[in-house]
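Source file input_34.pdb; content: PDB, C-alpha atoms.
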ATOM      1  CA  MET A   1     -46.066  -3.462   5.729
ATOM      2  CA  ARG A   2     -46.212  -7.087   4.640
ATOM      3  CA  LYS A   3     -45.092  -9.980   6.793
ATOM      4  CA  LEU A   4     -41.465 -11.053   6.317
ATOM      5  CA  SER A   5     -40.641 -14.431   4.828
ATOM      6  CA  ALA A   6     -38.579 -16.838   6.940
ATOM      7  CA  ALA A   7     -35.471 -15.998   4.898
ATOM      8  CA  GLU A   8     -36.103 -12.255   5.257
ATOM      9  CA  SER A   9     -36.623 -12.624   9.004
ATOM     10  CA  THR A  10     -33.373 -14.534   9.345
ATOM     11  CA  GLU A  11     -31.495 -11.951   7.276
ATOM     12  CA  ILE A  12     -32.846  -8.936   9.143
ATOM     13  CA  GLU A  13     -32.091 -10.597  12.503
ATOM     14  CA  ARG A  14     -28.511 -11.292  11.356
ATOM     15  CA  ARG A  15     -28.019  -7.722  10.148
ATOM     16  CA  VAL A  16     -29.519  -6.190  13.300
ATOM     17  CA  ALA A  17     -27.273  -8.424  15.434
ATOM     18  CA  GLY A  18     -24.213  -7.166  13.535
ATOM     19  CA  PHE A  19     -25.145  -3.497  13.510
ATOM     20  CA  ASP A  20     -23.546  -2.513  16.822
ATOM     21  CA  GLN A  21     -20.196  -3.958  15.784
ATOM     22  CA  PHE A  22     -20.469  -2.301  12.353
ATOM     23  CA  PHE A  23     -21.218   1.055  13.965
ATOM     24  CA  GLN A  24     -18.565   0.727  16.692
ATOM     25  CA  GLU A  25     -15.893   0.082  14.053
ATOM     26  CA  LEU A  26     -16.788   3.206  12.095
ATOM     27  CA  MET A  27     -14.741   5.825  13.939
ATOM     28  CA  PRO A  28     -11.579   3.769  14.501
ATOM     29  CA  VAL A  29     -11.624   2.500  10.904
ATOM     30  CA  LEU A  30     -12.037   5.993   9.462
ATOM     31  CA  THR A  31      -9.428   7.459  11.802
ATOM     32  CA  ASP A  32      -6.946   4.738  10.839
ATOM     33  CA  PHE A  33      -7.670   5.367   7.145
ATOM     34  CA  MET A  34      -6.952   9.101   7.511
ATOM     35  CA  GLU A  35      -3.787   8.364   9.490
ATOM     36  CA  ARG A  36      -2.597   6.050   6.697
ATOM     37  CA  LEU A  37      -3.224   8.885   4.237
ATOM     38  CA  GLU A  38      -1.290  11.161   6.626
ATOM     39  CA  VAL A  39      -4.163  13.617   6.889
ATOM     40  CA  PRO A  40      -3.774  15.960   9.895
ATOM     41  CA  ASP A  41      -6.294  15.691  12.744
ATOM     42  CA  ALA A  42      -7.457  12.255  11.564
ATOM     43  CA  SER A  43      -9.637  11.727  14.637
ATOM     44  CA  MET A  44     -11.822  14.674  13.590
ATOM     45  CA  ILE A  45     -13.171  12.796  10.566
ATOM     46  CA  VAL A  46     -16.472  11.812  12.157
ATOM     47  CA  ALA A  47     -17.124  15.367  13.374
ATOM     48  CA  ASP A  48     -16.259  16.983  10.024
ATOM     49  CA  PRO A  49     -16.094  14.391   7.226
ATOM     50  CA  ASP A  50     -16.469  17.042   4.519
ATOM     51  CA  ARG A  51     -13.010  18.357   5.414
ATOM     52  CA  PHE A  52     -11.478  14.944   4.613
ATOM     53  CA  VAL A  53     -13.211  14.322   1.282
ATOM     54  CA  PRO A  54     -10.590  16.180  -0.821
ATOM     55  CA  ALA A  55      -7.740  14.038   0.562
ATOM     56  CA  VAL A  56      -9.595  10.804  -0.173
ATOM     57  CA  ASP A  57     -10.645  12.139  -3.570
ATOM     58  CA  ALA A  58      -7.018  12.902  -4.457
ATOM     59  CA  PHE A  59      -5.827   9.525  -3.158
ATOM     60  CA  MET A  60      -8.454   7.530  -5.030
ATOM     61  CA  LYS A  61      -8.528   9.486  -8.289
ATOM     62  CA  GLU A  62      -5.916   7.364 -10.095
ATOM     63  CA  GLN A  63      -5.915   4.245  -7.902
ATOM     64  CA  VAL A  64      -6.244   0.878  -9.584
ATOM     65  CA  VAL A  65      -8.141  -1.161  -7.005
ATOM     66  CA  ARG A  66      -7.074  -4.801  -6.936
ATOM     67  CA  THR A  67      -9.603  -7.490  -6.129
ATOM     68  CA  ASP A  68      -7.896  -8.342  -2.830
ATOM     69  CA  ASP A  69      -8.019  -4.659  -1.724
ATOM     70  CA  ARG A  70     -11.595  -4.030  -2.830
ATOM     71  CA  ALA A  71     -13.514  -4.867   0.377
ATOM     72  CA  TRP A  72     -11.005  -2.919   2.480
ATOM     73  CA  ILE A  73     -11.316   0.291   0.460
ATOM     74  CA  VAL A  74     -15.080   0.013  -0.158
ATOM     75  CA  THR A  75     -15.653  -0.273   3.597
ATOM     76  CA  ARG A  76     -13.642   2.856   4.320
ATOM     77  CA  ILE A  77     -15.141   4.886   1.504
ATOM     78  CA  GLY A  78     -18.619   3.663   2.513
ATOM     79  CA  TYR A  79     -18.101   4.740   6.102
ATOM     80  CA  LEU A  80     -16.886   8.139   4.879
ATOM     81  CA  ILE A  81     -19.877   8.586   2.559
ATOM     82  CA  GLY A  82     -22.228   7.591   5.366
ATOM     83  CA  GLU A  83     -20.719  10.017   7.833
ATOM     84  CA  TRP A  84     -20.710  12.750   5.191
ATOM     85  CA  LEU A  85     -24.469  12.164   4.776
ATOM     86  CA  VAL A  86     -25.061  12.094   8.545
ATOM     87  CA  GLN A  87     -23.327  15.443   9.045
ATOM     88  CA  ARG A  88     -24.554  17.174   5.891
ATOM     89  CA  PHE A  89     -28.225  16.256   6.137
ATOM     90  CA  GLY A  90     -28.750  15.449   9.814
ATOM     91  CA  GLY A  91     -29.267  11.733   9.295
ATOM     92  CA  CYS A  92     -28.364   8.576  11.146
ATOM     93  CA  TRP A  93     -27.253   5.010  10.437
ATOM     94  CA  PHE A  94     -29.738   2.156  10.891
ATOM     95  CA  VAL A  95     -30.754  -1.222   9.482
ATOM     96  CA  ASN A  96     -33.447  -0.890   6.820
ATOM     97  CA  ASP A  97     -36.262  -3.244   7.832
ATOM     98  CA  ILE A  98     -38.725  -2.418   5.038
ATOM     99  CA  PRO A  99     -39.069  -5.722   3.136
ATOM    100  CA  ASP A 100     -39.824  -4.308  -0.314
ATOM    101  CA  SER A 101     -37.191  -1.588  -0.147
ATOM    102  CA  ARG A 102     -34.199  -1.830  -2.452
ATOM    103  CA  HIS A 103     -32.101  -1.353   0.690
ATOM    104  CA  PHE A 104     -33.807  -4.063   2.770
ATOM    105  CA  ALA A 105     -31.515  -5.475   5.479
ATOM    106  CA  ARG A 106     -28.748  -3.045   4.534
ATOM    107  CA  TYR A 107     -26.960  -0.593   6.810
ATOM    108  CA  VAL A 108     -28.252   2.714   5.512
ATOM    109  CA  VAL A 109     -28.258   6.389   6.347
ATOM    110  CA  GLY A 110     -31.598   8.150   6.466
ATOM    111  CA  ARG A 111     -34.131   9.826   8.752
ATOM    112  CA  PHE A 112     -32.638  13.071   7.493
ATOM    113  CA  ALA A 113     -33.603  16.236   9.339
ATOM    114  CA  ARG A 114     -32.707  18.423   6.354
ATOM    115  CA  ILE A 115     -34.375  16.461   3.531
ATOM    116  CA  LYS A 116     -38.036  16.949   2.589
ATOM    117  CA  ASN A 117     -38.689  13.237   1.965
ATOM    118  CA  ALA A 118     -38.456  11.711   5.421
ATOM    119  CA  ASN A 119     -38.462   8.169   4.005
ATOM    120  CA  VAL A 120     -35.435   8.475   1.744
ATOM    121  CA  THR A 121     -32.429   6.309   2.561
ATOM    122  CA  VAL A 122     -28.960   5.925   1.071
ATOM    123  CA  ASP A 123     -26.855   2.782   1.143
ATOM    124  CA  PRO A 124     -23.360   4.270   1.561
ATOM    125  CA  MET A 125     -21.664   0.928   0.906
ATOM    126  CA  ALA A 126     -23.488   0.568  -2.430
ATOM    127  CA  VAL A 127     -22.469   4.119  -3.369
ATOM    128  CA  ALA A 128     -18.884   3.294  -2.385
ATOM    129  CA  GLU A 129     -18.957   0.070  -4.411
ATOM    130  CA  ALA A 130     -20.128   1.943  -7.509
ATOM    131  CA  TYR A 131     -17.527   4.678  -6.944
ATOM    132  CA  VAL A 132     -14.642   2.227  -6.483
ATOM    133  CA  SER A 133     -15.815   0.340  -9.593
ATOM    134  CA  GLU A 134     -15.268   3.430 -11.716
ATOM    135  CA  PRO A 135     -12.008   3.490 -13.681
ATOM    136  CA  PRO A 136      -9.112   5.701 -12.606
ATOM    137  CA  GLY A 137     -10.070   9.322 -12.989
ATOM    138  CA  ARG A 138     -13.003   8.784 -10.619
ATOM    139  CA  SER A 139     -14.160  11.663  -8.456
ATOM    140  CA  LEU A 140     -15.429  11.250  -4.910
ATOM    141  CA  VAL A 141     -16.447  14.907  -4.909
ATOM    142  CA  GLY A 142     -18.502  14.283  -8.065
ATOM    143  CA  THR A 143     -20.071  11.174  -6.571
ATOM    144  CA  LEU A 144     -21.088  13.070  -3.450
ATOM    145  CA  ARG A 145     -22.517  15.919  -5.530
ATOM    146  CA  ALA A 146     -24.610  13.373  -7.457
ATOM    147  CA  VAL A 147     -25.925  11.819  -4.214
ATOM    148  CA  GLU A 148     -26.695  15.272  -2.847
ATOM    149  CA  GLY A 149     -28.525  16.162  -6.072
ATOM    150  CA  GLU A 150     -30.667  13.062  -5.824
ATOM    151  CA  LEU A 151     -31.499  13.734  -2.188
ATOM    152  CA  LEU A 152     -32.424  17.326  -2.896
ATOM    153  CA  GLY A 153     -34.308  16.457  -6.077
ATOM    154  CA  LYS A 154     -31.848  18.261  -8.341
ATOM    155  CA  SER A 155     -30.857  15.315 -10.512
TER     156      SER A 155
END

How does this structure look as structure tokens?
Amino acid sequence: MRKLSAAESTEIERRVAGFDQFFQELMPVLTDFMERLEVPDASMIVADPDRFVPAVDAFMKEQVVRTDDRAWIVTRIGYLIGEWLVQRFGGCWFVNDIPDSRHFARYVVGRFARIKNANVTVDPMAVAEAYVSEPPGRSLVGTLRAVEGELLGKS
């Protein structure tokens, strides 16, 4: 691995320093989101995120996302996508520290126990951003199927 530039070193240090807070907010943020959607057993979302995908899919399908709501919803959808990946493929969240990676200094999910390519990572926030950017009629279920296909080499 090549040596990091000064800017890259600063960025990775900043992201690593913020990771614990990012990760600690995950469960309460997702639980609050499910409570707002009035989904039963909201606190179970981290243990079984797949069960909550249909409710979010239905909620988001026809939503017009305003600019001032964008960061709020992308964060929640990103956390959900990340936890879905963690549970489905036996992965974990971490800060990508590979300088030439497209996900460098991003909070990613990877180190999957059930994926052949041990080096593959997914940036759940980038997936969420792309999903939320789709026009009404979007499908979270379809987005997750596409991510799964890529991870399993079926795309």

Quick one: residues within 12 Å of Ala146 of chain A, all atoms listed in the file counted, chain neighbours fewer than 6 positions away excluded, as a PyMOL selection string?
-> chain A and resi 127+131+139-140+152-155

Contacts of segment 105-122 of chain A at 10 Å (all atoms listed in the file; same-chain gap of 6+ positions) as a PyMOL selection string | chain A and resi 8-9+11-16+18-19+22-23+81-99+147+151-153

Generate the output file for the selected residues, C-alpha atoms, as a JSON list (two decimals), in the coordinates of the input.
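And here's again19.json as it stands now:
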[["chain", "number", "residue", "atom", "x", "y", "z"],
["A", 8, "GLU", "CA", -36.10, -12.26, 5.26],
["A", 9, "SER", "CA", -36.62, -12.62, 9.00],
["A", 11, "GLU", "CA", -31.50, -11.95, 7.28],
["A", 12, "ILE", "CA", -32.85, -8.94, 9.14],
["A", 13, "GLU", "CA", -32.09, -10.60, 12.50],
["A", 14, "ARG", "CA", -28.51, -11.29, 11.36],
["A", 15, "ARG", "CA", -28.02, -7.72, 10.15],
["A", 16, "VAL", "CA", -29.52, -6.19, 13.30],
["A", 18, "GLY", "CA", -24.21, -7.17, 13.54],
["A", 19, "PHE", "CA", -25.14, -3.50, 13.51],
["A", 22, "PHE", "CA", -20.47, -2.30, 12.35],
["A", 23, "PHE", "CA", -21.22, 1.06, 13.96],
["A", 81, "ILE", "CA", -19.88, 8.59, 2.56],
["A", 82, "GLY", "CA", -22.23, 7.59, 5.37],
["A", 83, "GLU", "CA", -20.72, 10.02, 7.83],
["A", 84, "TRP", "CA", -20.71, 12.75, 5.19],
["A", 85, "LEU", "CA", -24.47, 12.16, 4.78],
["A", 86, "VAL", "CA", -25.06, 12.09, 8.54],
["A", 87, "GLN", "CA", -23.33, 15.44, 9.04],
["A", 88, "ARG", "CA", -24.55, 17.17, 5.89],
["A", 89, "PHE", "CA", -28.22, 16.26, 6.14],
["A", 90, "GLY", "CA", -28.75, 15.45, 9.81],
["A", 91, "GLY", "CA", -29.27, 11.73, 9.30],
["A", 92, "CYS", "CA", -28.36, 8.58, 11.15],
["A", 93, "TRP", "CA", -27.25, 5.01, 10.44],
["A", 94, "PHE", "CA", -29.74, 2.16, 10.89],
["A", 95, "VAL", "CA", -30.75, -1.22, 9.48],
["A", 96, "ASN", "CA", -33.45, -0.89, 6.82],
["A", 97, "ASP", "CA", -36.26, -3.24, 7.83],
["A", 98, "ILE", "CA", -38.72, -2.42, 5.04],
["A", 99, "PRO", "CA", -39.07, -5.72, 3.14],
["A", 147, "VAL", "CA", -25.92, 11.82, -4.21],
["A", 151, "LEU", "CA", -31.50, 13.73, -2.19],
["A", 152, "LEU", "CA", -32.42, 17.33, -2.90],
["A", 153, "GLY", "CA", -34.31, 16.46, -6.08]]

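Interatomic distance, atom CA of Val29 of chain A to atom CA of Asp48 of chain A: 15.2 Å.
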
Of the residues A:Asp69, A:Asp57, A:Asp123, A:Glu129, which is the one nearest to Ser101 of chain A, using only C-alpha atoms?
-> A:Asp123

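Shortest atom-to-atom contact with Glu38 of chain A among A:Ala71, A:Leu144, A:Val64, A:Val56: A:Val56, counting all atoms listed in the file.
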
Residue with the minimum atom-to-atom distance to Arg51 of chain A, picked from A:Met27, A:Arg70, A:Ala128, A:Val141 with all atoms listed in the file counted, is A:Val141

Taken to one decimal, the atom CA of His103 of chain A-atom CA of Thr10 of chain A distance is 15.8 Å

Grab all the atoms of segment 37-42 of chain A that the file lists, wrap them in a box along x, y and z, add 8 Å per side, and give me centre plus edge lengths in Å (one decimal) as JSON.
{"center_x": -4.4, "center_y": 12.4, "center_z": 8.5, "size_x": 22.2, "size_y": 23.1, "size_z": 24.5}

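Using only C-alpha atoms, the smallest distance between any of A:Phe52, A:Ser133, A:Met60, A:Ala126 and Glu35 of chain A comes from A:Phe52.
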
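Going from atom CA of Gln63 of chain A over to atom CA of Met125 of chain A, you cover 18.3 Å.
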
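Using all atoms listed in the file for every distance, the candidate list A:Met44, A:Ala7, A:Leu80, A:Ile73 yields A:Leu80 as the residue closest to Leu26 of chain A.
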